[in-house]
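Enquirer: Take a look at the following structure, please.
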Amino acid sequence: MLHGAAAYGHMHGELGRSTDLSDEEVFGKVYDHTVVTRLARYVGPYKRQLILGVVGMIGFTASSVAMPWLVSLAIDGFISKGDLGGLTIILAAFVASGLVNWGGQYLQLICMARVGLGVLFNLRTSMFRHLQKLSLSFYDRNEVGRIMSRVQNDIQALREMVTSGIIVIAGDLLTLVGIIFMLLYMDLRLAAITLAIIPLLVGVMAFWQARARGTFMRVRQAISAVNAGLQENISGVRVIQSLSREDINVERFDALNEAHLDANLQAGRLSAVIMPVVELVVGGAIAVVIIFGGSQVIAGEIGLGVLVGFVLYVQRFFEPVRRLSQQYTQLQRAMAGGQRIFELLDTKPEIVDAPDAIELPPIKGEIRFDHVHFEYVTGVEVLHDINLQVRPGETVALVGPTGVGKSTLVSLVGRFYEITEGTLSVDGFNIRSVTQESLRRQMGVVLQDPFLFSGTVKENIRYGRADATDDEIIEAAKVVGADHFIQRLEKGYDTELQERGSNLSVGQRQLLSLARAVLAAPRILVLDEATANVDTQTEVLIQRALHKVLKGRTSLVIAHRLSTIRDADRLVVLDEGKIVETGTHGELLKKGGLYAHLHAVTYASGQTQPPSR
């Protein structure tokens with residue numbers, strides 16, 4: 001039903017093209033107040049766990065910072081004096097510090113995991129609910145891959161930031177402050193000499209970060225290209241094999257794979273460079289501490305324990321600095337992901353119920369188009385001044401060349417798109433004055449390519465009416481002639497369907513789609529090329545089913561099959577977005593107009609397969 005909107009999607013990209021790989025790796029600000037403020041609403045329900053996580057982080061950090069000082073105290077306060085009793089106290093302090101360290105880290109990890117997973121759960125639920133409400137025009141403009149990226153990748157980036165990013169950054173900053181305080185507390189001169197190395201380390205990390213960012217971005221882009229190529233080749237394997245394209249496609253995939261390999265090797269080289277450099281800086285800092293600190297120990301200005309404590313603190317000092325540099329990029333990605341997520345959540349449905357919309361009562365099925373105009377893109381009109389009345393219980397076939405607006409016209413009846421001008425009413429009710437749910441509940445749609453969901457045959461037929469009994473499901477299947485093949489399936493109505501019903505033939509999937517429509521008992525039925533992709537034998541079955549299904553229902557049928565057209569009460573011929581002819585099959589043939597020409601071209605030789613739409 002939505003084919004006519006294809007151009008709309010290309011002209012008005014909203015989330016962008018999924019093939020634009022670089023767009024997925026846009027880096028945001030390190031801190032975006034709007035994102036953080038809105039994210040806080042999702043963290044709010046887990047305030048208790050967040051507080052406990054912070055308490056755990058403080059305990060873990062404090063105990064970690066305390067251990068080198070305890071070593072220093074043990075050496076200068078007790079070992080140098082031969083005080084074994086004092087060492088017992090230090091031992092107890094070490095045990096207590098170790099327990100606090102273990103307990104704090106455990107509490108931090110458990111609580112922050114709960115917070116992160118809770119935020120992930122709530123965000124995904126919010127996005128899923130929101131996506132269900134968005135108008136079809138949104139999906140015309142945005143590709144599935146990009147939407148999936150919002151729901152999966154961007155939310156995952158935020159989860160990582162909540163679970164580990166923020167708490168790790170806070171912990172590392174607290175660790176640095178604690179270490180600097182302890183260094184200054186233990187000896188001011190040696191601390192000043194030691195801390196002088198910090199600007200050098202920060203400069204090295206900043207220089208590396210600037211070059212590594214682009215490299216690691218290329219790694220992610222390369223794996224995205226590999227995944228896209230793999231998905232395309234797996235999905236199109238039948239076409240590939242039928243055209244003997246295996247060798248060519250292997251060469252193309254090898255090129256993508258090689259680009260991924262090269263990007264990873266370059267990233268590996270960068271990582272291999274930075275680690276020795278950092279270790280060299282750390283080694284230099286330790287050497288400075290030992291030389292100057294050793295001279296102070298020899299001069300009796302400081303104790304040996306102070307020197308040992310300084311060495312231990314220097315070793316611990318650079319690890320948080322290294323982690324903070326890594327968290328920088330993660331924060332940027334998370335902020336960019338958060339911005340995209342909330343941008344999607346802020347997208348408003350283009351079609352909403354009016355504040356005073358009423359429930360549409362049970363209808364007879366009269367449809368009236370009164371001077372209806374419609375355009376997907378402003379200024380490019382698709383339907384022009386459509387005037388059409390469909391009587392209750394009447395079957396109207398829509399006929400015309402490719403792209404004249406047939407699918408668009410029937411989409412307007414269910415208010416999947418908003419008309420630009422004019423009035424469209426059902427049983428005298430302007431469809432804008434009733435709720436969408438009450439309108440669509442009384443409509444059934446059967447598409448050219450029937451969509452079946454994961455689950456059993458029974459669950460798929462029941463999809464449009466959750467309260468249907470098993471007997472009603474079987475009766476609906478019998479009405480459309482599907483019961484006979486369902487009974488032959490391994491588990492009958494309890495047979496599990498593979499992805500999109502791929503373990504059934506196209507005709508069988510179409511019969512299930514018809515059964516689903518019948519069970520929902522719609523007053524208005526839309527058939528959009530329902531018999532286009534089936535063989536002649538299955539078409540006969542579907543035509544028999546349609547005789548029963550269409551009886552007593554208002555039906556709009558888009559079809560090129562001669563049998564379907566002949567059985568219609570009336571034919572409406574469209575051309576260039578206008579109704580140019582109406583009448584029965586015989587009347588229109590006698591007129592010798594567009595329909596007669598289409599009939600001659602399509603059916604004169606007995607052709608049954610419809611031309612491209």
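Naming works like this for the structure tokens: A, B, ... for the chains as they're shown, residue 1 at the start of each chain, ligands 1 onward in shown order.
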Hey, could you make a per-residue contact list for segment 232-345 of chain A against segment 78-86 of chain A with 10 Å as the cut-off, showing the nearest pair of atoms and its distance in Å to one decimal, counting only C-alpha atoms, sorted by chain and number, as a Markdown table?
Expert:
```
| residue | atom | partner | partner_atom | distance |
| --- | --- | --- | --- | --- |
| A:Gly303 | CA | A:Ser80 | CA | 9.1 |
| A:Leu304 | CA | A:Ser80 | CA | 8.7 |
| A:Gly305 | CA | A:Ser80 | CA | 8.9 |
```
Enquirer: To test your reading of the structure, identify every residue in segment 315-387 of chain A that backbone DSSP assigns to helix (DSSP H, G or I), and report it as a tab-separated table (two decimals) with N, CA and C atoms, in the first residue's frame.
Expert:
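Writing the result to states-v8.tsv gives the following:
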```
chain	number	residue	atom	x	y	z
A	315	GLN	N	52.99	4.82	40.52
A	315	GLN	CA	52.51	3.72	39.68
A	315	GLN	C	50.99	3.74	39.55
A	316	ARG	N	50.32	4.09	40.63
A	316	ARG	CA	48.85	4.11	40.60
A	316	ARG	C	48.31	5.38	39.95
A	317	PHE	N	49.11	6.43	39.92
A	317	PHE	CA	48.63	7.72	39.44
A	317	PHE	C	48.29	7.70	37.96
A	318	PHE	N	49.08	6.99	37.16
A	318	PHE	CA	48.93	7.10	35.71
A	318	PHE	C	47.82	6.21	35.15
A	319	GLU	N	47.40	5.20	35.90
A	319	GLU	CA	46.32	4.35	35.42
A	319	GLU	C	45.00	5.12	35.29
A	320	PRO	N	44.58	5.91	36.30
A	320	PRO	CA	43.37	6.72	36.12
A	320	PRO	C	43.48	7.73	34.98
A	321	VAL	N	44.66	8.29	34.80
A	321	VAL	CA	44.86	9.25	33.69
A	321	VAL	C	44.62	8.55	32.36
A	322	ARG	N	45.15	7.32	32.23
A	322	ARG	CA	44.97	6.55	31.00
A	322	ARG	C	43.48	6.23	30.78
A	323	ARG	N	42.80	5.82	31.85
A	323	ARG	CA	41.38	5.47	31.72
A	323	ARG	C	40.54	6.70	31.37
A	324	LEU	N	40.87	7.83	31.96
A	324	LEU	CA	40.11	9.05	31.68
A	324	LEU	C	40.22	9.44	30.21
A	325	SER	N	41.40	9.26	29.62
A	325	SER	CA	41.57	9.59	28.21
A	325	SER	C	40.72	8.69	27.33
A	326	GLN	N	40.57	7.43	27.77
A	326	GLN	CA	39.74	6.50	27.01
A	326	GLN	C	38.25	6.83	27.19
A	327	GLN	N	37.87	7.26	28.39
A	327	GLN	CA	36.47	7.60	28.67
A	327	GLN	C	36.03	8.84	27.90
A	328	TYR	N	36.98	9.66	27.51
A	328	TYR	CA	36.67	10.90	26.79
A	328	TYR	C	35.89	10.60	25.51
A	329	THR	N	36.40	9.65	24.73
A	329	THR	CA	35.74	9.28	23.48
A	329	THR	C	34.39	8.61	23.75
A	330	GLN	N	34.34	7.77	24.79
A	330	GLN	CA	33.08	7.11	25.12
A	330	GLN	C	32.01	8.13	25.49
A	331	LEU	N	32.39	9.15	26.23
A	331	LEU	CA	31.44	10.20	26.60
A	331	LEU	C	30.93	10.93	25.37
A	332	GLN	N	31.83	11.22	24.44
A	332	GLN	CA	31.42	11.90	23.21
A	332	GLN	C	30.41	11.07	22.43
A	333	ARG	N	30.68	9.76	22.30
A	333	ARG	CA	29.75	8.89	21.57
A	333	ARG	C	28.42	8.79	22.30
A	334	ALA	N	28.47	8.70	23.62
A	334	ALA	CA	27.24	8.58	24.40
A	334	ALA	C	26.40	9.85	24.27
A	335	MET	N	27.03	11.01	24.32
A	335	MET	CA	26.28	12.26	24.20
A	335	MET	C	25.67	12.40	22.81
A	336	ALA	N	26.43	12.00	21.78
A	336	ALA	CA	25.88	12.04	20.42
A	336	ALA	C	24.73	11.06	20.28
A	337	GLY	N	24.90	9.84	20.86
A	337	GLY	CA	23.83	8.85	20.82
A	337	GLY	C	22.60	9.33	21.56
A	338	GLY	N	22.81	9.94	22.73
A	338	GLY	CA	21.68	10.46	23.50
A	338	GLY	C	20.94	11.54	22.76
A	339	GLN	N	21.69	12.40	22.08
A	339	GLN	CA	21.06	13.46	21.30
A	339	GLN	C	20.17	12.88	20.20
A	340	ARG	N	20.67	11.81	19.53
A	340	ARG	CA	19.87	11.19	18.47
A	340	ARG	C	18.65	10.47	19.04
A	341	ILE	N	18.82	9.82	20.20
A	341	ILE	CA	17.69	9.11	20.82
A	341	ILE	C	16.57	10.09	21.17
A	342	PHE	N	16.92	11.17	21.84
A	342	PHE	CA	15.89	12.11	22.26
A	342	PHE	C	15.32	12.89	21.08
A	343	GLU	N	16.12	13.03	20.03
A	343	GLU	CA	15.59	13.63	18.81
A	343	GLU	C	14.49	12.74	18.22
A	344	LEU	N	14.71	11.42	18.26
A	344	LEU	CA	13.69	10.50	17.78
A	344	LEU	C	12.46	10.52	18.68
A	345	LEU	N	12.70	10.52	20.00
A	345	LEU	CA	11.56	10.54	20.93
A	345	LEU	C	10.77	11.84	20.82
```
Enquirer: Show me, as a ChimeraX atom specification, the residues that have an atom within 12 Å of Gly56 of chain A when counting only C-alpha atoms, minus same-chain residues fewer than 2 positions from it.
Expert: /A:49-54,58-63,99-112,167-168,170-171
Enquirer: Excluding same-chain residues fewer than 5 positions from Leu588 of chain A, what lies within 12 Å of it counting only C-alpha atoms, as a PyMOL selection string?
Expert: chain A and resi 399+565-566+570-573+580-583+593-600
Enquirer: Which of these, A:Ala520, A:Val396, A:Val382, A:Leu512, has the shortest distance to His585 of chain A once you count only C-alpha atoms?
Expert: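 Of A:Ala520, A:Val396, A:Val382, A:Leu512, the one nearest His585 of chain A, counting only C-alpha atoms, is A:Val396.
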Enquirer: Using only C-alpha atoms, find the one residue out of A:Glu490, A:Glu499, A:Glu459, A:Glu301 that sits nearest to Arg516 of chain A.
Expert: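 The answer is A:Glu459, which sits nearest to Arg516 of chain A.
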Enquirer: Neighbouring residues of Ile367 of chain A were defined as those with any atom within 7 Å, considering only C-alpha atoms; residues of the same chain fewer than 2 positions away were excluded. Please report them as a count of residues only.
Expert: 8
Enquirer: Report the closest atom pair, with its distance in Å rounded to one decimal, for each residue of segment 538-595 of chain A that has an atom no farther than 9 Å from segment 462-484 of chain A; count only C-alpha atoms, sort by chain and then rising residue number, and write it as a tab-separated table.
Expert:
```
residue	atom	partner	partner_atom	distance
A:Leu541	CA	A:Gly481	CA	6.7
A:Ile542	CA	A:Val480	CA	7.0
A:Arg544	CA	A:Val480	CA	7.5
A:Ala545	CA	A:Val480	CA	4.2
A:Leu546	CA	A:Val480	CA	7.3
A:Lys548	CA	A:Val479	CA	7.0
A:Val549	CA	A:Val480	CA	7.3
```
Enquirer: When you look at Thr395 of chain A with a cut-off of 7 Å (counting only C-alpha atoms), what residues show up, excluding the ones that are within fewer than 2 positions of it in the same chain? I need them as a list in words.
Expert: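 Here the qualifying residues turn out to be Gly393, Ala397, Thr554, Ser555, Leu556, Ala568, Asp569 and Arg570 of chain A.
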Enquirer: May I have the residues from that selection written out with N, CA and C atoms, as a short mmCIF file (atom, residue, chain, number, x, y, z; two decimals), in the first residue's frame?
Expert:
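Resulting contents of again.cif:
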```
data_model
loop_
_atom_site.label_atom_id
_atom_site.label_comp_id
_atom_site.auth_asym_id
_atom_site.auth_seq_id
_atom_site.Cartn_x
_atom_site.Cartn_y
_atom_site.Cartn_z
N GLY A 393 -21.12 -2.49 1.05
CA GLY A 393 -21.16 -3.82 0.46
C GLY A 393 -20.70 -3.89 -0.98
N ALA A 397 -13.01 -2.07 -7.94
CA ALA A 397 -11.64 -2.37 -8.37
C ALA A 397 -10.99 -1.09 -8.90
N THR A 554 -17.78 -3.83 2.15
CA THR A 554 -17.29 -2.83 1.22
C THR A 554 -15.83 -3.14 0.93
N SER A 555 -15.50 -3.24 -0.35
CA SER A 555 -14.15 -3.68 -0.70
C SER A 555 -13.54 -2.76 -1.75
N LEU A 556 -12.29 -2.39 -1.50
CA LEU A 556 -11.48 -1.66 -2.48
C LEU A 556 -10.37 -2.59 -2.91
N ALA A 568 -15.78 -7.52 -9.95
CA ALA A 568 -16.04 -6.29 -9.21
C ALA A 568 -17.36 -5.68 -9.64
N ASP A 569 -18.05 -5.03 -8.69
CA ASP A 569 -19.30 -4.34 -9.02
C ASP A 569 -19.04 -3.13 -9.90
N ARG A 570 -17.89 -2.51 -9.69
CA ARG A 570 -17.57 -1.30 -10.44
C ARG A 570 -16.07 -1.16 -10.56
#
```
Enquirer: Compile the contact shell of Val289 of chain A as an MDAnalysis selection string: residues with an atom at most 8 Å away, counting only C-alpha atoms, same-chain residues fewer than 3 positions apart removed.
Expert: chainID A and resid 190 193:194 285:286 292:294 307 310:311
Enquirer: Keeping only N, CA and C atoms, take the residues you just selected and write them out as a PDB file, in the first residue's frame.
Expert:
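So again-v5.pdb came out as:
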```
ATOM      1  N   LEU A 190      58.996  16.643  47.281  1.00  0.00           N
ATOM      2  CA  LEU A 190      58.993  15.457  46.414  1.00  0.00           C
ATOM      3  C   LEU A 190      57.692  15.378  45.606  1.00  0.00           C
ATOM      4  N   ILE A 193      57.991  17.776  42.626  1.00  0.00           N
ATOM      5  CA  ILE A 193      58.840  17.201  41.570  1.00  0.00           C
ATOM      6  C   ILE A 193      58.088  16.099  40.827  1.00  0.00           C
ATOM      7  N   THR A 194      57.373  15.275  41.575  1.00  0.00           N
ATOM      8  CA  THR A 194      56.646  14.157  40.974  1.00  0.00           C
ATOM      9  C   THR A 194      55.527  14.648  40.064  1.00  0.00           C
ATOM     10  N   ALA A 285      59.012   8.979  35.718  1.00  0.00           N
ATOM     11  CA  ALA A 285      58.527   9.577  36.964  1.00  0.00           C
ATOM     12  C   ALA A 285      59.049   8.806  38.172  1.00  0.00           C
ATOM     13  N   ILE A 286      59.055   7.488  38.076  1.00  0.00           N
ATOM     14  CA  ILE A 286      59.561   6.667  39.182  1.00  0.00           C
ATOM     15  C   ILE A 286      61.051   6.910  39.386  1.00  0.00           C
ATOM     16  N   PHE A 292      65.599  11.721  43.525  1.00  0.00           N
ATOM     17  CA  PHE A 292      65.468  12.826  44.471  1.00  0.00           C
ATOM     18  C   PHE A 292      65.028  12.327  45.847  1.00  0.00           C
ATOM     19  N   GLY A 293      64.100  11.347  45.824  1.00  0.00           N
ATOM     20  CA  GLY A 293      63.640  10.822  47.104  1.00  0.00           C
ATOM     21  C   GLY A 293      64.735  10.053  47.810  1.00  0.00           C
ATOM     22  N   GLY A 294      65.545   9.303  47.006  1.00  0.00           N
ATOM     23  CA  GLY A 294      66.646   8.551  47.612  1.00  0.00           C
ATOM     24  C   GLY A 294      67.652   9.471  48.269  1.00  0.00           C
ATOM     25  N   LEU A 307      59.469   7.191  50.677  1.00  0.00           N
ATOM     26  CA  LEU A 307      59.947   6.945  49.312  1.00  0.00           C
ATOM     27  C   LEU A 307      59.193   5.775  48.674  1.00  0.00           C
ATOM     28  N   PHE A 310      55.724   6.882  47.799  1.00  0.00           N
ATOM     29  CA  PHE A 310      55.707   7.724  46.599  1.00  0.00           C
ATOM     30  C   PHE A 310      55.773   6.874  45.332  1.00  0.00           C
ATOM     31  N   VAL A 311      56.684   5.878  45.347  1.00  0.00           N
ATOM     32  CA  VAL A 311      56.809   5.011  44.167  1.00  0.00           C
ATOM     33  C   VAL A 311      55.479   4.306  43.867  1.00  0.00           C
TER      34      VAL A 311
END
```
Enquirer: Here is a test: counting only C-alpha atoms, which residue of A:Phe485, A:Trp69, A:Phe216, A:Tyr46 is nearest to Gly116 of chain A?
Expert: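 Distance minimum relative to Gly116 of chain A lands on A:Tyr46.
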Enquirer: Pick the closest to Lys364 of chain A from A:Leu117, A:Ile524, A:Ala517, A:Ile179: which is it, counting only C-alpha atoms?
Expert: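 The answer is A:Ile524, which sits nearest to Lys364 of chain A.
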Enquirer: Report the residues of segment 287-517 of chain A whose backbone DSSP state falls under strand (DSSP E or B), written as an MDAnalysis selection string.
Expert: chainID A and resid 358 367:377 380:390 395:399 421:426 429:430 434 443:446 455:456 496:497
